[in-house]
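Asker: What follows is the file target.cif, containing mmCIF, C-alpha atoms, pLDDT in the B column; chains and numbers go by the auth columns:
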```cif
data_start
loop_
_atom_site.group_PDB
_atom_site.id
_atom_site.type_symbol
_atom_site.label_atom_id
_atom_site.label_comp_id
_atom_site.label_asym_id
_atom_site.label_seq_id
_atom_site.Cartn_x
_atom_site.Cartn_y
_atom_site.Cartn_z
_atom_site.B_iso_or_equiv
_atom_site.auth_seq_id
_atom_site.auth_asym_id
ATOM 1 C CA ILE A 1 165.373 13.183 159.174 62.00 23 P
ATOM 2 C CA GLY A 2 162.370 10.946 159.397 66.00 24 P
ATOM 3 C CA SER A 3 160.795 12.430 162.503 68.00 25 P
ATOM 4 C CA ALA A 4 160.683 15.878 160.893 69.00 26 P
ATOM 5 C CA GLY A 5 160.187 14.735 157.313 72.00 27 P
ATOM 6 C CA ARG A 6 156.712 16.239 156.964 77.00 28 P
ATOM 7 C CA LEU A 7 157.574 19.576 158.575 79.00 29 P
ATOM 8 C CA ASP A 8 158.060 22.545 156.278 82.00 30 P
ATOM 9 C CA ILE A 9 161.697 23.337 157.031 84.00 31 P
ATOM 10 C CA GLY A 10 162.888 24.223 153.544 86.00 32 P
ATOM 11 C CA PRO A 11 165.964 23.084 151.642 90.00 33 P
ATOM 12 C CA GLY A 12 168.433 25.206 153.625 91.00 34 P
ATOM 13 C CA LEU A 13 167.622 23.594 156.955 89.00 35 P
ATOM 14 C CA ALA A 14 167.426 20.165 155.358 88.00 36 P
ATOM 15 C CA ILE A 15 170.942 20.567 153.908 92.00 37 P
ATOM 16 C CA SER A 16 172.224 21.985 157.201 93.00 38 P
ATOM 17 C CA THR A 17 170.739 19.054 159.080 91.00 39 P
ATOM 18 C CA GLY A 18 172.422 16.623 156.702 91.00 40 P
ATOM 19 C CA ALA A 19 175.745 18.406 157.121 95.00 41 P
ATOM 20 C CA LEU A 20 175.456 18.294 160.917 95.00 42 P
ATOM 21 C CA ALA A 21 174.477 14.628 160.838 93.00 43 P
ATOM 22 C CA GLY A 22 177.438 13.879 158.562 95.00 44 P
ATOM 23 C CA ALA A 23 179.754 15.748 160.914 97.00 45 P
ATOM 24 C CA ALA A 24 178.390 13.736 163.850 96.00 46 P
ATOM 25 C CA SER A 25 179.151 10.537 161.961 95.00 47 P
ATOM 26 C CA VAL A 26 182.724 11.597 161.214 96.00 48 P
ATOM 27 C CA PHE A 27 183.176 12.707 164.828 95.00 49 P
ATOM 28 C CA GLY A 28 182.046 9.266 165.944 93.00 50 P
ATOM 29 C CA TYR A 29 184.522 7.448 163.728 93.00 51 P
ATOM 30 C CA LYS A 30 187.398 9.770 164.620 94.00 52 P
ATOM 31 C CA TYR A 31 186.901 10.260 168.362 95.00 53 P
ATOM 32 C CA SER A 32 184.054 8.269 169.870 93.00 54 P
ATOM 33 C CA SER A 33 184.938 4.787 168.618 92.00 55 P
ATOM 34 C CA PRO A 34 188.577 4.912 169.762 92.00 56 P
ATOM 35 C CA TYR A 35 187.472 6.301 173.135 95.00 57 P
ATOM 36 C CA LEU A 36 184.825 3.620 173.682 91.00 58 P
ATOM 37 C CA GLU A 37 187.287 0.912 172.651 90.00 59 P
ATOM 38 C CA SER A 38 190.110 2.091 174.910 93.00 60 P
ATOM 39 C CA LYS A 39 188.075 3.037 178.005 94.00 61 P
ATOM 40 C CA PHE A 40 185.176 0.566 177.997 87.00 62 P
ATOM 41 C CA SER A 41 186.211 -2.228 175.577 83.00 63 P
ATOM 42 C CA ILE A 42 183.131 -1.502 173.481 84.00 64 P
ATOM 43 C CA TYR A 43 183.800 -2.376 169.850 83.00 65 P
ATOM 44 C CA ASP A 44 181.408 -1.179 167.167 84.00 66 P
ATOM 45 C CA THR A 45 182.843 -3.404 164.459 80.00 67 P
ATOM 46 C CA CYS A 46 180.275 -2.392 161.855 84.00 68 P
ATOM 47 C CA GLY A 47 180.170 1.316 162.709 87.00 69 P
ATOM 48 C CA VAL A 48 176.427 1.196 163.379 89.00 70 P
ATOM 49 C CA GLY A 49 176.599 3.818 166.128 90.00 71 P
ATOM 50 C CA ASN A 50 178.625 6.186 163.994 92.00 72 P
ATOM 51 C CA LEU A 51 176.753 5.698 160.760 93.00 73 P
ATOM 52 C CA HIS A 52 173.200 5.495 162.108 92.00 74 P
ATOM 53 C CA GLY A 53 173.179 6.293 165.827 91.00 75 P
ATOM 54 C CA TYR A 54 174.824 9.688 166.130 93.00 76 P
ATOM 55 C CA PRO A 55 173.276 11.170 162.977 93.00 77 P
ATOM 56 C CA SER A 56 169.818 9.988 164.030 91.00 78 P
ATOM 57 C CA VAL A 57 170.199 11.664 167.418 92.00 79 P
ATOM 58 C CA VAL A 58 171.199 14.903 165.665 93.00 80 P
ATOM 59 C CA GLY A 59 168.156 14.675 163.380 90.00 81 P
ATOM 60 C CA ALA A 60 165.842 13.815 166.248 90.00 82 P
ATOM 61 C CA LEU A 61 167.059 16.697 168.403 92.00 83 P
ATOM 62 C CA LEU A 62 166.720 19.097 165.495 91.00 84 P
ATOM 63 C CA SER A 63 163.198 17.828 164.876 88.00 85 P
ATOM 64 C CA ILE A 64 162.271 19.235 168.275 90.00 86 P
ATOM 65 C CA ALA A 65 163.381 22.685 167.170 89.00 87 P
ATOM 66 C CA PHE A 66 161.730 22.304 163.775 89.00 88 P
ATOM 67 C CA ILE A 67 158.342 21.877 165.440 88.00 89 P
ATOM 68 C CA ALA A 68 158.605 25.496 166.547 87.00 90 P
ATOM 69 C CA LEU A 69 159.229 26.535 162.931 86.00 91 P
ATOM 70 C CA ASP A 70 156.085 24.824 161.634 85.00 92 P
ATOM 71 C CA PRO A 71 153.677 24.783 164.593 85.00 93 P
ATOM 72 C CA ASP A 72 150.575 24.727 162.384 85.00 94 P
ATOM 73 C CA ALA A 73 151.427 21.490 160.600 83.00 95 P
ATOM 74 C CA GLU A 74 148.173 19.589 160.167 84.00 96 P
ATOM 75 C CA PHE A 75 149.567 16.275 161.422 82.00 97 P
ATOM 76 C CA LEU A 76 150.821 17.551 164.788 84.00 98 P
ATOM 77 C CA THR A 77 148.543 16.172 167.468 83.00 99 P
ATOM 78 C CA GLN A 78 149.389 18.616 170.264 87.00 100 P
ATOM 79 C CA ASP A 79 150.351 22.215 170.845 90.00 101 P
ATOM 80 C CA VAL A 80 153.982 23.153 170.304 90.00 102 P
ATOM 81 C CA LEU A 81 155.422 22.638 173.794 93.00 103 P
ATOM 82 C CA PRO A 82 153.677 19.305 174.519 92.00 104 P
ATOM 83 C CA GLN A 83 154.644 18.081 171.035 90.00 105 P
ATOM 84 C CA MET A 84 158.279 19.034 171.627 91.00 106 P
ATOM 85 C CA THR A 85 158.176 17.238 174.971 93.00 107 P
ATOM 86 C CA SER A 86 156.742 14.144 173.304 91.00 108 P
ATOM 87 C CA GLN A 87 159.545 14.211 170.760 89.00 109 P
ATOM 88 C CA LEU A 88 162.158 14.449 173.513 93.00 110 P
ATOM 89 C CA LEU A 89 160.580 11.600 175.485 95.00 111 P
ATOM 90 C CA GLY A 90 160.520 9.516 172.302 92.00 112 P
ATOM 91 C CA ILE A 91 164.236 10.151 171.791 92.00 113 P
ATOM 92 C CA ILE A 92 165.026 9.165 175.376 96.00 114 P
ATOM 93 C CA ALA A 93 162.912 5.993 175.147 96.00 115 P
ATOM 94 C CA THR A 94 164.531 5.008 171.855 93.00 116 P
ATOM 95 C CA LEU A 95 168.031 5.525 173.252 93.00 117 P
ATOM 96 C CA LEU A 96 167.235 3.497 176.371 97.00 118 P
ATOM 97 C CA VAL A 97 165.822 0.592 174.375 97.00 119 P
ATOM 98 C CA SER A 98 168.741 0.594 171.936 92.00 120 P
ATOM 99 C CA ILE A 99 171.403 0.788 174.659 90.00 121 P
ATOM 100 C CA VAL A 100 169.834 -1.924 176.817 96.00 122 P
ATOM 101 C CA SER A 101 169.137 -4.267 173.902 94.00 123 P
ATOM 102 C CA GLY A 102 172.591 -3.673 172.395 88.00 124 P
ATOM 103 C CA TYR A 103 174.312 -4.313 175.703 87.00 125 P
ATOM 104 C CA GLY A 104 172.185 -7.391 176.315 92.00 126 P
ATOM 105 C CA THR A 105 172.934 -8.788 172.867 88.00 127 P
ATOM 106 C CA GLY A 106 176.650 -8.159 173.346 83.00 128 P
ATOM 107 C CA ALA A 107 176.590 -9.868 176.737 86.00 129 P
ATOM 108 C CA LEU A 108 174.730 -12.863 175.282 89.00 130 P
ATOM 109 C CA VAL A 109 177.113 -13.262 172.370 81.00 131 P
ATOM 110 C CA SER A 110 180.119 -12.889 174.672 80.00 132 P
ATOM 111 C CA SER A 111 178.784 -15.574 176.998 85.00 133 P
ATOM 112 C CA ILE A 112 178.301 -18.117 174.209 82.00 134 P
ATOM 113 C CA GLY A 113 181.991 -18.581 173.642 69.00 135 P
ATOM 114 C CA GLY A 114 184.687 -17.705 171.244 59.00 136 P
ATOM 115 C CA GLU A 115 187.539 -17.784 173.759 62.00 137 P
ATOM 116 C CA GLY A 116 190.922 -18.110 172.147 59.00 138 P
ATOM 117 C CA LEU A 117 189.734 -17.132 168.700 59.00 139 P
ATOM 118 C CA LEU A 118 191.342 -14.363 166.751 57.00 140 P
ATOM 119 C CA SER A 119 188.906 -11.503 166.991 62.00 141 P
ATOM 120 C CA TYR A 120 187.501 -10.178 163.745 64.00 142 P
ATOM 121 C CA MET A 121 189.251 -12.777 161.615 66.00 143 P
ATOM 122 C CA ASP A 122 186.950 -14.297 159.023 68.00 144 P
ATOM 123 C CA SER A 123 189.254 -17.309 158.706 68.00 145 P
ATOM 124 C CA GLU A 124 188.150 -18.408 162.185 67.00 146 P
ATOM 125 C CA TRP A 125 184.585 -18.869 160.970 70.00 147 P
ATOM 126 C CA TRP A 126 184.741 -19.341 157.204 75.00 148 P
ATOM 127 C CA HIS A 127 186.662 -22.221 155.653 75.00 149 P
ATOM 128 C CA LEU A 128 186.485 -22.039 151.885 72.00 150 P
ATOM 129 C CA GLU A 129 188.155 -24.225 149.276 75.00 151 P
ATOM 130 C CA TYR A 130 189.565 -22.156 146.423 69.00 152 P
#
```
Now that the file is in, can you turn its structure into C-alpha cells?
Answerer:
Amino acid sequence: IGSAGRLDIGPGLAISTGALAGAASVFGYKYSSPYLESKFSIYDTCGVGNLHGYPSVVGALLSIAFIALDPDAEFLTQDVLPQMTSQLLGIIATLLVSIVSGYGTGALVSSIGGEGLLSYMDSEWWHLEY
C-alpha cells in the first residue's frame, strides 16, 4: 500500500489491507472480467486490472482512512481533511489517466490490423523451428 506506506497503521491493518486487496483481485477474476468481456468486449488478457488495478484502488481508498489514524505524521503536508481530499483527487486523476490511456492504446492496436487472425494464439505471431 504505497500511498500509506509511511503511516503508522500497525501490522493488523496492514494484514487486513492485504486481505481486502487480495479479495478484490479474486473478485475481479471471478466476476469483473467475465462481465466486461460479455457486456463491453473488453478483454484483459494479462489480468492487469485484476492483479494490479483493483487491489491498488482498495489500498488507495484505505490510505484516505489511514490518514485519520496517523494525523501527526511528519511527512503530511496538510491538515487531515485537506490531505484526505488530496488523496481522493489523486486517486481520481490516476484512474482517469489509466482508463483514457488504456482505451486509447486498445483503440490504436485494434486499428492497426489483425483481422482474421485467431485471437490470443501465439502461433499467429511466432513461427519457431523445433
Asker: Could you name the residues that touch segment 124-130 of chain P at 10 Å or less, counting only C-alpha atoms, but leaving out those on the same chain fewer than 6 positions away, as a list of chain:residue names?
Answerer: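 Listing them by chain and then by number gives P:Ile64, P:Tyr65, P:Leu118.
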Asker: May I ask which of the residues P:Met106, P:Val131, P:Val70, P:Leu111 is the closest one to Ala87 of chain P, counting only C-alpha atoms?
Answerer: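 Once distances to Ala87 of chain P are computed over only C-alpha atoms, the minimum belongs to P:Met106.
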Asker: Figure out the distance between atom CA of Leu83 of chain P and atom CA of Leu42 of chain P, please, to one decimal in Å.
Answerer: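 One can read the atom CA of Leu42 of chain P to atom CA of Leu83 of chain P distance as 11.4 Å.
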Asker: Can you list, as a PyMOL selection string, the residues that the PyMOL selection byres ((chain P and resi 46-63) around 10) selects here?
Answerer: chain P and resi 40-45+64-67+69-80
Asker: Check the smallest atom-to-atom distance from each of P:Val119, P:Leu98, P:Leu103, P:Ile113 to Ala82 of chain P using all atoms listed in the file, then report the winner.
Answerer: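 Distance minimum relative to Ala82 of chain P lands on P:Ile113.
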Asker: Could you tell me how far atom CA of Phe88 of chain P lies from atom CA of Leu29 of chain P, in Å and to one decimal?
Answerer: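 About the pair atom CA of Phe88 of chain P and atom CA of Leu29 of chain P: they are 7.2 Å apart.
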Asker: So that I can check the surroundings of Glu96 of chain P, please list as number ranges by chain every protein, DNA and RNA residue that reaches within 12 Å of it, counting all atoms listed in the file and ignoring chain neighbours fewer than 5 positions away.
Answerer: P: 28-30, 89, 101
Asker: How many Å separate atom CA of Gln105 of chain P from atom CA of Pro93 of chain P?
Answerer: 9.3 Å
